[in-house]
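Engineer: Below you will find the structure I want to go over with you.
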Amino acid sequence: MADPIPVIVKHQGKKYNVDLEPSSLGEVFKFQLYSLTGVEPDRQKILVKGGQLKDDTDLSKLGAKPGQIFTMIGTPSGAGGELTRPTEAVKFVEDMTEAEQAQQVGATPAGLQNLGNTCYLNSTLQTLRFVPELNDALVKYTPAPASQTTGNTLGNLSMFGNSLGSSADLTASLRDLYKQMSQTQEGFPPLAFLNALRMVHPQFAERAKNGHGYAQQDAEEAWSQIISQLRQKLKIKGSGQASADGSSTSQDVSFIDRYLAGNFESAIECDEQAAKDAGEEPINGSDAFLKLDCHISATTNHLRDGILAGLEEKIEKQSPVLGRDAVYTKKSKISRLPKYLTVHFVRFFWKREAQKKAKIMRKVTFPDELDVSEFCTDELRKLIVPVRDKVRDIRKEEEDIERARKRQKRIHDKQVADEKAGLVDAVSESAKDENKVEKKDGKGADGDTAMEDVVYKTDAEHEAEKAAAILEAKRELLALVDPKLASDEGSNKTGLYQLHGIVTHQGASADSGHYTSYVKKPGPLDPKTGKRGEEDGKWWWFNDDKVSEVEAEKILTLSGGGESHSALILLYRAIDIPTAEEVAQ
């Protein structure tokens with residue numbers, strides 16, 4: 001074995017004496033420098049005769065001489081370099097308060113105790129709680145002075161979860177409840193909110209027929225009443241954006257109208273030809289909606305079928321031309337899409353002979369990603385379809401680039417393995433032939449994104465190229481967004497939605513059984529930037545005070561088909577598109 005050669009490495013104005021081992025590879029030399037400079041090997045550029053030192057370079061072929069000077073370029077990453085004292089004191093879990101533990105990344109969220117047939121309410125509250133914009137608006141909510149009456153003295157104890165009294169301001173009660181839930185991982189009793197709900201809507205104070213406790217209620221009714229109250233009370237600052245009624249204002253607007261309400265354009269036309277012949281014209285109108293109904297019949301198999309059925313309905317009313325009642329058809333199209341879209345499976349109907357709400361058991365599937373462009377007006381489709389198509393192009397481009405990277409790496413690894421094994425050149429040549437591309441159309445034989453022959457790119461280089469290509473594509477996408485849509489902060493610009501939350505029902509009727517909810521786990525929150533990382537694809541299952549993590553495959557079992565848990569309410573969230581700040585360079 002050859003003796004080590006003492007050489008000098010210059011880096012950032014300093015000189016390091018290093019023993020170079022001629023019998024080793026460049027990778028070993030880089031690790032020697034890592035121990036001296038703190039610069040990770042993959043961030044080092046060591047200049048040698050003929051270029052840069054590579055990991056697999058045989059150091060004996062450098063012809064290094066004692067005292068020879070090499071120059072290294074590179075800086076340590078944020079995680080590398082010298083050890084420094086943490087800027088913040090390290091706190092262990094056992095030393096944290098209950099509230100601090102609840103707010104840690106990955107902490108299991110709080111459940112809600114069942115206070116006697118209140119699972120319908122718990123499932124609704126948990127689903128709405130994971131709308132971040134709602135939480136932000138609630139934190140800033142201050143009740144109007146008119147609601148601050150002397151009768152609310154005991155109600156103010158709601159901030160401690162006390163059930164002695166309750167403010168009739170349901171929005172304030174919801175704000176307090178969510179704050180309390182954020183400070184614990186235990187099952188929390190929503191006593192104050194329940195009392196407030198029963199004060200505002202006495203139907204939820206109905207007693208059970210057997211005389212013991214309160215009756216079970218319909219989660220959809222609770223959802224609708226809570227949304228209705230929030231629509232009246234919860235206001236946010238306007239900034240000129242369009243609202244659910246299509247108007248634009250700089251005054252305070254309803255939070256619900258901005259984020260959870262859409263707009264219909266409808267036409268009502270008499271079915272009888274006699275009315276048309278007599279000159280009766282269709283009646284055109286526009287109105288806001290808070291949810292889409294998915295009607296279920298003997299032929300409904302998919303969510304799309306039920307939504308289409310819900311957009312067309314028969315009504316009976318007086319015909320001014322015929323002078324009597326006639327049947328009319330009302331057809332609706334969506335002219336504004338909210339950021340959060342609620343879909344209600346109309347599974348319950350009044351069964352007269354049984355005097356209760358019976359349940360339609362039919363299985364109706366629903367997608368993780370919902371495209372609602374076909375339900376929209378022609379005017380809205382013209383605005384959102386080009387953006388939607390560009391989103392899909394970007395996704396395909398990302399997949400193609402990643403597939404090309406894996407293919408090139410596979411070929412490169414095979415070539416390296418062949419060389420180490422001392423295989424004949426023909427094998428390597430065949431691998432090179434496989435790696436060649438047809439430069440006329442930029443595609444390889446298998447249709448993948450073309451790769452240049454000869455030059456092998458590292459993962460870091462691939463990521464840099466990928467990031468640049470995707471950034472440019474996102475700029476093109478942003479340019480496609482119509483200015484009117486771009487100014488409407490609470491709207492959907494693509495027509496594409498991701499499933500965000502589900503309220504389920506188990507049982508045969510609305511007045512019995514059990515309600516639970518599923519909410520997609522949000523990505524980890526960076527406390528410094530306020531931005532969330534990538535989601536892991538898993539879901540939280542809220543079963544009253546029991547909270548567990550489930551895989552995405554569980555969601556596929558909630559389509560119905562029996563008395564087991566089936567979806568009753570779906571909450572979809574508009575897919576994210578890049579902002580102007582994200583694409584600015």
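Residues in the structure tokens are numbered from 1 in each chain, the chains being A, B, ... in the order shown, and ligands are numbered from 1 in the order shown.
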I'd like the contact shell of A:Thr458 - 12 Å cut-off, only C-alpha atoms, skipping same-chain residues fewer than 5 positions apart - returned as number ranges by chain.

Structural biologist: A: 42, 405-406, 408-409, 412-413, 463-465

Engineer: Quick one: write out the picked residues with N, CA, C and O atoms as a JSON list (two decimals), in the first residue's frame?

Structural biologist:
```json
[["chain", "number", "residue", "atom", "x", "y", "z"],
["A", 42, "ASP", "N", -21.60, 15.74, -0.65],
["A", 42, "ASP", "CA", -22.37, 16.04, -1.86],
["A", 42, "ASP", "C", -22.44, 17.53, -2.17],
["A", 42, "ASP", "O", -22.95, 17.94, -3.21],
["A", 405, "ARG", "N", -36.36, 10.22, -14.75],
["A", 405, "ARG", "CA", -35.26, 10.19, -13.79],
["A", 405, "ARG", "C", -34.99, 8.76, -13.32],
["A", 405, "ARG", "O", -33.83, 8.32, -13.26],
["A", 406, "LYS", "N", -36.04, 8.04, -13.00],
["A", 406, "LYS", "CA", -35.88, 6.66, -12.52],
["A", 406, "LYS", "C", -35.29, 5.78, -13.62],
["A", 406, "LYS", "O", -34.45, 4.92, -13.35],
["A", 408, "GLN", "N", -33.35, 6.72, -16.17],
["A", 408, "GLN", "CA", -31.94, 7.03, -16.38],
["A", 408, "GLN", "C", -31.08, 6.47, -15.25],
["A", 408, "GLN", "O", -30.00, 5.95, -15.48],
["A", 409, "LYS", "N", -31.59, 6.58, -14.04],
["A", 409, "LYS", "CA", -30.83, 6.07, -12.89],
["A", 409, "LYS", "C", -30.69, 4.55, -12.97],
["A", 409, "LYS", "O", -29.63, 3.99, -12.65],
["A", 412, "HIS", "N", -28.02, 3.84, -15.54],
["A", 412, "HIS", "CA", -26.70, 4.21, -15.02],
["A", 412, "HIS", "C", -26.22, 3.19, -13.99],
["A", 412, "HIS", "O", -25.05, 2.77, -14.01],
["A", 413, "ASP", "N", -27.10, 2.78, -13.09],
["A", 413, "ASP", "CA", -26.72, 1.80, -12.08],
["A", 413, "ASP", "C", -26.31, 0.47, -12.71],
["A", 413, "ASP", "O", -25.39, -0.20, -12.23],
["A", 463, "GLU", "N", -33.74, 17.29, -9.68],
["A", 463, "GLU", "CA", -34.71, 18.05, -8.89],
["A", 463, "GLU", "C", -34.69, 19.53, -9.28],
["A", 463, "GLU", "O", -35.74, 20.17, -9.34],
["A", 464, "ALA", "N", -33.49, 20.04, -9.55],
["A", 464, "ALA", "CA", -33.38, 21.45, -9.95],
["A", 464, "ALA", "C", -34.08, 21.68, -11.29],
["A", 464, "ALA", "O", -34.80, 22.66, -11.47],
["A", 465, "GLU", "N", -33.84, 20.77, -12.25],
["A", 465, "GLU", "CA", -34.48, 20.91, -13.56],
["A", 465, "GLU", "C", -35.99, 20.75, -13.44],
["A", 465, "GLU", "O", -36.76, 21.47, -14.09]]
```

Engineer: Could you pull the residues within 8 Å of A:Leu478, counting only C-alpha atoms, minus those fewer than 2 positions along the same chain, as a list in words?

Structural biologist: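 Result of the neighbour search: Lys474, Arg475, Glu476, Leu480, Val481, Ile577, Pro578, Thr579 and Ala580 of chain A.
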
Engineer: Can those selected residues be exported to a file as a PDB file, in the first residue's frame so that it contains all heavy atoms?

Structural biologist:
```
ATOM      1  N   LYS A 474     -46.341  26.506 -13.729  1.00  0.00           N
ATOM      2  CA  LYS A 474     -47.250  27.145 -12.780  1.00  0.00           C
ATOM      3  C   LYS A 474     -47.484  28.611 -13.135  1.00  0.00           C
ATOM      4  O   LYS A 474     -48.579  29.135 -12.926  1.00  0.00           O
ATOM      5  CB  LYS A 474     -46.687  27.015 -11.355  1.00  0.00           C
ATOM      6  CG  LYS A 474     -46.805  25.603 -10.791  1.00  0.00           C
ATOM      7  CD  LYS A 474     -46.280  25.526  -9.368  1.00  0.00           C
ATOM      8  CE  LYS A 474     -46.489  24.118  -8.789  1.00  0.00           C
ATOM      9  NZ  LYS A 474     -45.977  24.020  -7.398  1.00  0.00           N
ATOM     10  N   ARG A 475     -46.461  29.251 -13.654  1.00  0.00           N
ATOM     11  CA  ARG A 475     -46.645  30.636 -14.108  1.00  0.00           C
ATOM     12  C   ARG A 475     -47.650  30.692 -15.254  1.00  0.00           C
ATOM     13  O   ARG A 475     -48.500  31.582 -15.318  1.00  0.00           O
ATOM     14  CB  ARG A 475     -45.302  31.214 -14.549  1.00  0.00           C
ATOM     15  CG  ARG A 475     -44.359  31.544 -13.400  1.00  0.00           C
ATOM     16  CD  ARG A 475     -43.015  31.950 -13.923  1.00  0.00           C
ATOM     17  NE  ARG A 475     -42.116  32.355 -12.845  1.00  0.00           N
ATOM     18  CZ  ARG A 475     -40.797  32.430 -12.964  1.00  0.00           C
ATOM     19  NH1 ARG A 475     -40.223  32.152 -14.117  1.00  0.00           N
ATOM     20  NH2 ARG A 475     -40.051  32.803 -11.939  1.00  0.00           N
ATOM     21  N   GLU A 476     -47.542  29.722 -16.151  1.00  0.00           N
ATOM     22  CA  GLU A 476     -48.480  29.666 -17.265  1.00  0.00           C
ATOM     23  C   GLU A 476     -49.893  29.398 -16.743  1.00  0.00           C
ATOM     24  O   GLU A 476     -50.867  29.966 -17.252  1.00  0.00           O
ATOM     25  CB  GLU A 476     -48.052  28.561 -18.241  1.00  0.00           C
ATOM     26  CG  GLU A 476     -46.728  28.841 -18.937  1.00  0.00           C
ATOM     27  CD  GLU A 476     -46.243  27.652 -19.747  1.00  0.00           C
ATOM     28  OE1 GLU A 476     -46.957  26.623 -19.784  1.00  0.00           O
ATOM     29  OE2 GLU A 476     -45.151  27.726 -20.338  1.00  0.00           O
ATOM     30  N   LEU A 480     -53.557  31.858 -16.789  1.00  0.00           N
ATOM     31  CA  LEU A 480     -54.823  31.431 -17.373  1.00  0.00           C
ATOM     32  C   LEU A 480     -56.023  31.786 -16.499  1.00  0.00           C
ATOM     33  O   LEU A 480     -57.159  31.769 -16.978  1.00  0.00           O
ATOM     34  CB  LEU A 480     -54.811  29.909 -17.601  1.00  0.00           C
ATOM     35  CG  LEU A 480     -53.888  29.380 -18.700  1.00  0.00           C
ATOM     36  CD1 LEU A 480     -53.864  27.855 -18.671  1.00  0.00           C
ATOM     37  CD2 LEU A 480     -54.337  29.876 -20.062  1.00  0.00           C
ATOM     38  N   VAL A 481     -55.781  32.097 -15.217  1.00  0.00           N
ATOM     39  CA  VAL A 481     -56.884  32.394 -14.302  1.00  0.00           C
ATOM     40  C   VAL A 481     -57.483  33.750 -14.637  1.00  0.00           C
ATOM     41  O   VAL A 481     -56.780  34.757 -14.681  1.00  0.00           O
ATOM     42  CB  VAL A 481     -56.404  32.373 -12.835  1.00  0.00           C
ATOM     43  CG1 VAL A 481     -57.566  32.699 -11.891  1.00  0.00           C
ATOM     44  CG2 VAL A 481     -55.826  31.005 -12.484  1.00  0.00           C
ATOM     45  N   ILE A 577     -53.945  26.009  -6.076  1.00  0.00           N
ATOM     46  CA  ILE A 577     -53.207  26.454  -7.255  1.00  0.00           C
ATOM     47  C   ILE A 577     -52.169  27.460  -6.776  1.00  0.00           C
ATOM     48  O   ILE A 577     -52.310  28.054  -5.710  1.00  0.00           O
ATOM     49  CB  ILE A 577     -54.121  27.087  -8.326  1.00  0.00           C
ATOM     50  CG1 ILE A 577     -54.815  28.350  -7.785  1.00  0.00           C
ATOM     51  CG2 ILE A 577     -55.152  26.084  -8.812  1.00  0.00           C
ATOM     52  CD1 ILE A 577     -55.552  29.117  -8.878  1.00  0.00           C
ATOM     53  N   PRO A 578     -51.100  27.649  -7.542  1.00  0.00           N
ATOM     54  CA  PRO A 578     -50.035  28.554  -7.084  1.00  0.00           C
ATOM     55  C   PRO A 578     -50.515  29.989  -6.954  1.00  0.00           C
ATOM     56  O   PRO A 578     -51.405  30.430  -7.691  1.00  0.00           O
ATOM     57  CB  PRO A 578     -48.957  28.415  -8.165  1.00  0.00           C
ATOM     58  CG  PRO A 578     -49.694  27.912  -9.372  1.00  0.00           C
ATOM     59  CD  PRO A 578     -50.782  27.029  -8.841  1.00  0.00           C
ATOM     60  N   THR A 579     -49.934  30.686  -6.008  1.00  0.00           N
ATOM     61  CA  THR A 579     -50.225  32.110  -5.833  1.00  0.00           C
ATOM     62  C   THR A 579     -49.181  32.938  -6.575  1.00  0.00           C
ATOM     63  O   THR A 579     -48.129  32.425  -6.975  1.00  0.00           O
ATOM     64  CB  THR A 579     -50.214  32.489  -4.350  1.00  0.00           C
ATOM     65  OG1 THR A 579     -48.881  32.274  -3.824  1.00  0.00           O
ATOM     66  CG2 THR A 579     -51.192  31.629  -3.559  1.00  0.00           C
ATOM     67  N   ALA A 580     -49.474  34.203  -6.712  1.00  0.00           N
ATOM     68  CA  ALA A 580     -48.534  35.100  -7.394  1.00  0.00           C
ATOM     69  C   ALA A 580     -47.212  35.165  -6.647  1.00  0.00           C
ATOM     70  O   ALA A 580     -46.134  35.255  -7.254  1.00  0.00           O
ATOM     71  CB  ALA A 580     -49.150  36.497  -7.522  1.00  0.00           C
TER      72      ALA A 580
END
```

Engineer: Which of these, A:Asp368, A:Asp576, A:Glu563, A:Asp293, has the shortest distance to A:Gln506 once you count only C-alpha atoms?

Structural biologist: A:Glu563

Engineer: Counting only C-alpha atoms, what is within 10 Å of A:Asn17, bar same-chain residues fewer than 6 positions away, as a ChimeraX atom specification?

Structural biologist: /A:6-10,33,36,67,69

Engineer: How would the residues just chosen look if you wrote them out with all heavy atoms as a PDB file, in the first residue's frame?

Structural biologist:
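Below is the file that was written, again_37.pdb:
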```
ATOM      1  N   PRO A   6       1.014  14.028   1.938  1.00  0.00           N
ATOM      2  CA  PRO A   6       0.524  15.242   2.610  1.00  0.00           C
ATOM      3  C   PRO A   6       0.240  16.338   1.584  1.00  0.00           C
ATOM      4  O   PRO A   6       1.136  16.750   0.839  1.00  0.00           O
ATOM      5  CB  PRO A   6       1.682  15.631   3.534  1.00  0.00           C
ATOM      6  CG  PRO A   6       2.897  15.042   2.884  1.00  0.00           C
ATOM      7  CD  PRO A   6       2.462  13.786   2.205  1.00  0.00           C
ATOM      8  N   VAL A   7      -1.040  16.780   1.537  1.00  0.00           N
ATOM      9  CA  VAL A   7      -1.421  17.841   0.610  1.00  0.00           C
ATOM     10  C   VAL A   7      -2.116  18.956   1.397  1.00  0.00           C
ATOM     11  O   VAL A   7      -2.423  18.807   2.575  1.00  0.00           O
ATOM     12  CB  VAL A   7      -2.364  17.319  -0.504  1.00  0.00           C
ATOM     13  CG1 VAL A   7      -1.662  16.272  -1.346  1.00  0.00           C
ATOM     14  CG2 VAL A   7      -3.657  16.756   0.099  1.00  0.00           C
ATOM     15  N   ILE A   8      -2.351  20.049   0.721  1.00  0.00           N
ATOM     16  CA  ILE A   8      -3.013  21.201   1.349  1.00  0.00           C
ATOM     17  C   ILE A   8      -4.314  21.499   0.598  1.00  0.00           C
ATOM     18  O   ILE A   8      -4.329  21.536  -0.640  1.00  0.00           O
ATOM     19  CB  ILE A   8      -2.102  22.448   1.335  1.00  0.00           C
ATOM     20  CG1 ILE A   8      -0.826  22.166   2.142  1.00  0.00           C
ATOM     21  CG2 ILE A   8      -2.844  23.667   1.898  1.00  0.00           C
ATOM     22  CD1 ILE A   8       0.210  23.276   2.021  1.00  0.00           C
ATOM     23  N   VAL A   9      -5.401  21.699   1.345  1.00  0.00           N
ATOM     24  CA  VAL A   9      -6.696  22.033   0.740  1.00  0.00           C
ATOM     25  C   VAL A   9      -7.085  23.434   1.197  1.00  0.00           C
ATOM     26  O   VAL A   9      -7.157  23.711   2.402  1.00  0.00           O
ATOM     27  CB  VAL A   9      -7.784  21.022   1.138  1.00  0.00           C
ATOM     28  CG1 VAL A   9      -9.138  21.447   0.556  1.00  0.00           C
ATOM     29  CG2 VAL A   9      -7.407  19.624   0.642  1.00  0.00           C
ATOM     30  N   LYS A  10      -7.337  24.318   0.244  1.00  0.00           N
ATOM     31  CA  LYS A  10      -7.760  25.684   0.547  1.00  0.00           C
ATOM     32  C   LYS A  10      -9.284  25.777   0.470  1.00  0.00           C
ATOM     33  O   LYS A  10      -9.896  25.322  -0.505  1.00  0.00           O
ATOM     34  CB  LYS A  10      -7.135  26.666  -0.444  1.00  0.00           C
ATOM     35  CG  LYS A  10      -5.629  26.779  -0.324  1.00  0.00           C
ATOM     36  CD  LYS A  10      -5.058  27.687  -1.409  1.00  0.00           C
ATOM     37  CE  LYS A  10      -5.596  29.103  -1.330  1.00  0.00           C
ATOM     38  NZ  LYS A  10      -4.983  29.998  -2.362  1.00  0.00           N
ATOM     39  N   LEU A  33     -12.363  15.730   4.298  1.00  0.00           N
ATOM     40  CA  LEU A  33     -12.576  17.177   4.311  1.00  0.00           C
ATOM     41  C   LEU A  33     -13.853  17.546   5.064  1.00  0.00           C
ATOM     42  O   LEU A  33     -13.946  18.616   5.661  1.00  0.00           O
ATOM     43  CB  LEU A  33     -12.642  17.702   2.875  1.00  0.00           C
ATOM     44  CG  LEU A  33     -11.340  17.532   2.060  1.00  0.00           C
ATOM     45  CD1 LEU A  33     -11.523  18.070   0.651  1.00  0.00           C
ATOM     46  CD2 LEU A  33     -10.185  18.251   2.749  1.00  0.00           C
ATOM     47  N   LEU A  36     -13.180  18.081   8.590  1.00  0.00           N
ATOM     48  CA  LEU A  36     -12.415  19.296   8.873  1.00  0.00           C
ATOM     49  C   LEU A  36     -13.218  20.572   8.651  1.00  0.00           C
ATOM     50  O   LEU A  36     -13.080  21.541   9.405  1.00  0.00           O
ATOM     51  CB  LEU A  36     -11.160  19.329   7.984  1.00  0.00           C
ATOM     52  CG  LEU A  36     -10.106  18.237   8.228  1.00  0.00           C
ATOM     53  CD1 LEU A  36      -9.032  18.289   7.149  1.00  0.00           C
ATOM     54  CD2 LEU A  36      -9.469  18.408   9.601  1.00  0.00           C
ATOM     55  N   GLY A  67       2.688  18.431  -0.596  1.00  0.00           N
ATOM     56  CA  GLY A  67       2.592  19.883  -0.552  1.00  0.00           C
ATOM     57  C   GLY A  67       1.712  20.475  -1.632  1.00  0.00           C
ATOM     58  O   GLY A  67       1.530  21.707  -1.682  1.00  0.00           O
ATOM     59  N   ILE A  69      -1.403  21.852  -3.631  1.00  0.00           N
ATOM     60  CA  ILE A  69      -2.567  22.593  -3.121  1.00  0.00           C
ATOM     61  C   ILE A  69      -3.810  22.288  -3.968  1.00  0.00           C
ATOM     62  O   ILE A  69      -3.768  22.394  -5.198  1.00  0.00           O
ATOM     63  CB  ILE A  69      -2.301  24.108  -3.121  1.00  0.00           C
ATOM     64  CG1 ILE A  69      -1.127  24.436  -2.183  1.00  0.00           C
ATOM     65  CG2 ILE A  69      -3.546  24.871  -2.699  1.00  0.00           C
ATOM     66  CD1 ILE A  69      -0.742  25.900  -2.199  1.00  0.00           C
TER      67      ILE A  69
END
```

Engineer: Which of stretch 205-297 of chain A counts as alpha helix (DSSP H) under DSSP, as a list in words please?

Structural biologist: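 Matching residues for alpha helix (DSSP H) in stretch 205-297 of chain A are Ala219, Glu220, Glu221, Ala222, Trp223, Ser224, Gln225, Ile226, Ile227, Ser228, Gln229, Leu230, Arg231, Gln232, Lys233, Phe255, Ile256, Asp257, Arg258, Tyr259, Gln273, Ala274, Ala275, Lys276 and Asp277 of chain A.
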
Engineer: Considering only C-alpha atoms, return as an NGL selection string whatever protein or nucleic-acid residues lie within 12 Å of A:Gln216, sequence-local ones (same chain, fewer than 2 positions apart) excluded.

Structural biologist: :A and (114-121 or 203-210 or 212-214 or 218-219 or 221-222 or 356-357 or 505 or 507 or 509-515)

Engineer: Can you write out the residues you just picked, keeping N, CA, C and O atoms, as a CSV table (one decimal), in the first residue's frame?

Structural biologist:
```csv
chain,number,residue,atom,x,y,z
A,114,ASN,N,-69.9,12.3,24.1
A,114,ASN,CA,-71.3,12.1,23.8
A,114,ASN,C,-72.2,12.4,25.0
A,114,ASN,O,-72.0,11.7,26.1
A,115,LEU,N,-73.0,13.4,25.0
A,115,LEU,CA,-73.8,13.9,26.1
A,115,LEU,C,-75.2,13.3,26.1
A,115,LEU,O,-76.1,13.9,26.7
A,116,GLY,N,-75.4,12.2,25.4
A,116,GLY,CA,-76.7,11.6,25.3
A,116,GLY,C,-77.3,11.8,23.9
A,116,GLY,O,-77.9,12.9,23.7
A,117,ASN,N,-77.0,10.9,23.0
A,117,ASN,CA,-77.5,11.0,21.6
A,117,ASN,C,-77.0,12.3,20.9
A,117,ASN,O,-77.8,13.0,20.2
A,118,THR,N,-75.8,12.7,21.2
A,118,THR,CA,-75.3,13.9,20.6
A,118,THR,C,-74.2,13.6,19.5
A,118,THR,O,-73.4,14.5,19.1
A,119,CYS,N,-74.1,12.4,19.1
A,119,CYS,CA,-73.1,12.0,18.1
A,119,CYS,C,-73.4,12.8,16.8
A,119,CYS,O,-72.4,13.1,16.0
A,120,TYR,N,-74.6,13.1,16.5
A,120,TYR,CA,-75.0,13.9,15.3
A,120,TYR,C,-74.3,15.3,15.3
A,120,TYR,O,-73.8,15.8,14.3
A,121,LEU,N,-74.2,15.8,16.5
A,121,LEU,CA,-73.6,17.2,16.7
A,121,LEU,C,-72.0,17.0,16.7
A,121,LEU,O,-71.3,17.8,16.0
A,203,GLN,N,-85.7,22.5,18.3
A,203,GLN,CA,-85.9,21.2,17.8
A,203,GLN,C,-84.8,20.2,18.4
A,203,GLN,O,-85.1,19.0,18.5
A,204,PHE,N,-83.6,20.7,18.7
A,204,PHE,CA,-82.6,19.8,19.2
A,204,PHE,C,-82.7,19.6,20.7
A,204,PHE,O,-81.9,18.9,21.2
A,205,ALA,N,-83.7,20.1,21.3
A,205,ALA,CA,-84.0,19.9,22.7
A,205,ALA,C,-85.1,18.9,22.8
A,205,ALA,O,-85.6,18.6,23.9
A,206,GLU,N,-85.5,18.2,21.7
A,206,GLU,CA,-86.6,17.3,21.8
A,206,GLU,C,-86.2,16.1,22.6
A,206,GLU,O,-85.1,15.6,22.5
A,207,ARG,N,-87.2,15.6,23.5
A,207,ARG,CA,-86.9,14.5,24.4
A,207,ARG,C,-87.1,13.2,23.6
A,207,ARG,O,-87.9,13.1,22.7
A,208,ALA,N,-86.5,12.1,24.1
A,208,ALA,CA,-86.7,10.8,23.5
A,208,ALA,C,-88.1,10.3,23.8
A,208,ALA,O,-88.7,10.6,24.8
A,209,LYS,N,-88.6,9.5,22.9
A,209,LYS,CA,-90.0,9.0,23.0
A,209,LYS,C,-90.1,8.1,24.2
A,209,LYS,O,-91.2,8.0,24.8
A,210,ASN,N,-89.0,7.5,24.6
A,210,ASN,CA,-89.1,6.6,25.8
A,210,ASN,C,-89.0,7.4,27.1
A,210,ASN,O,-89.1,6.8,28.2
A,212,HIS,N,-86.5,8.9,28.3
A,212,HIS,CA,-85.2,9.0,28.9
A,212,HIS,C,-84.2,9.8,28.0
A,212,HIS,O,-83.8,9.4,26.9
A,213,GLY,N,-83.8,11.0,28.5
A,213,GLY,CA,-82.9,11.8,27.8
A,213,GLY,C,-83.4,12.4,26.6
A,213,GLY,O,-84.6,12.6,26.4
A,214,TYR,N,-82.5,12.9,25.7
A,214,TYR,CA,-82.8,13.6,24.5
A,214,TYR,C,-82.9,12.7,23.3
A,214,TYR,O,-82.2,11.6,23.3
A,218,ASP,N,-80.9,14.5,13.3
A,218,ASP,CA,-80.3,14.3,11.9
A,218,ASP,C,-79.0,15.2,11.8
A,218,ASP,O,-79.1,16.5,12.0
A,219,ALA,N,-77.9,14.7,11.5
A,219,ALA,CA,-76.6,15.5,11.5
A,219,ALA,C,-76.7,16.5,10.4
A,219,ALA,O,-76.2,17.6,10.5
A,221,GLU,N,-79.4,18.2,9.5
A,221,GLU,CA,-80.1,19.4,10.0
A,221,GLU,C,-79.2,20.2,10.9
A,221,GLU,O,-79.3,21.4,10.9
A,222,ALA,N,-78.4,19.5,11.8
A,222,ALA,CA,-77.5,20.3,12.7
A,222,ALA,C,-76.5,21.1,11.8
A,222,ALA,O,-76.2,22.2,12.1
A,356,LYS,N,-91.5,7.8,10.7
A,356,LYS,CA,-90.1,8.1,11.0
A,356,LYS,C,-89.3,8.3,9.7
A,356,LYS,O,-89.8,8.0,8.6
A,357,LYS,N,-88.1,8.9,9.8
A,357,LYS,CA,-87.2,9.1,8.6
A,357,LYS,C,-86.5,7.8,8.3
A,357,LYS,O,-85.6,7.4,9.1
A,505,HIS,N,-73.2,7.9,8.7
A,505,HIS,CA,-74.3,7.4,9.6
A,505,HIS,C,-74.4,5.9,9.5
A,505,HIS,O,-74.2,5.3,8.4
A,507,GLY,N,-76.9,2.7,10.7
A,507,GLY,CA,-78.2,2.4,11.2
A,507,GLY,C,-79.3,2.5,10.1
A,507,GLY,O,-78.9,2.7,8.9
A,509,SER,N,-82.3,4.4,10.3
A,509,SER,CA,-83.1,5.7,10.2
A,509,SER,C,-82.4,6.8,10.8
A,509,SER,O,-81.4,6.7,11.6
A,510,ALA,N,-82.8,8.1,10.5
A,510,ALA,CA,-82.2,9.3,11.0
A,510,ALA,C,-82.3,9.4,12.5
A,510,ALA,O,-81.5,10.1,13.1
A,511,ASP,N,-83.4,8.9,13.0
A,511,ASP,CA,-83.7,9.0,14.4
A,511,ASP,C,-83.1,8.0,15.3
A,511,ASP,O,-83.4,7.9,16.5
A,512,SER,N,-82.2,7.2,14.7
A,512,SER,CA,-81.5,6.1,15.5
A,512,SER,C,-80.2,5.9,14.9
A,512,SER,O,-79.8,6.6,13.9
A,513,GLY,N,-79.5,4.9,15.4
A,513,GLY,CA,-78.1,4.7,14.8
A,513,GLY,C,-77.1,5.5,15.4
A,513,GLY,O,-77.2,6.1,16.5
A,514,HIS,N,-76.0,5.7,14.6
A,514,HIS,CA,-74.8,6.4,15.2
A,514,HIS,C,-74.1,7.2,14.1
A,514,HIS,O,-73.9,6.7,13.0
A,515,TYR,N,-73.7,8.4,14.4
A,515,TYR,CA,-72.9,9.3,13.5
A,515,TYR,C,-71.5,9.4,13.9
A,515,TYR,O,-71.2,9.5,15.1
```

Engineer: So that each row is one residue of stretch 548-576 of chain A with an atom at most 6 Å from stretch 361-367 of chain A, can you give its shortest atom pair and the distance in Å to one decimal, using only C-alpha atoms, rows by chain and rising number, as JSON lines?

Structural biologist:
```
{"residue": "A:Ser559", "atom": "CA", "partner": "A:Thr365", "partner_atom": "CA", "distance": 5.0}
{"residue": "A:Gly560", "atom": "CA", "partner": "A:Lys363", "partner_atom": "CA", "distance": 4.3}
{"residue": "A:Gly561", "atom": "CA", "partner": "A:Lys363", "partner_atom": "CA", "distance": 4.1}
{"residue": "A:Gly562", "atom": "CA", "partner": "A:Met361", "partner_atom": "CA", "distance": 5.2}
```

Engineer: Would you list the contacts of A:Phe188 as number ranges by chain, taking every protein, DNA or RNA residue within 10 Å and counting only C-alpha atoms, but skipping same-chain residues closer than 6 positions in sequence?

Structural biologist: A: 110-114, 161, 177, 180-181, 544-545
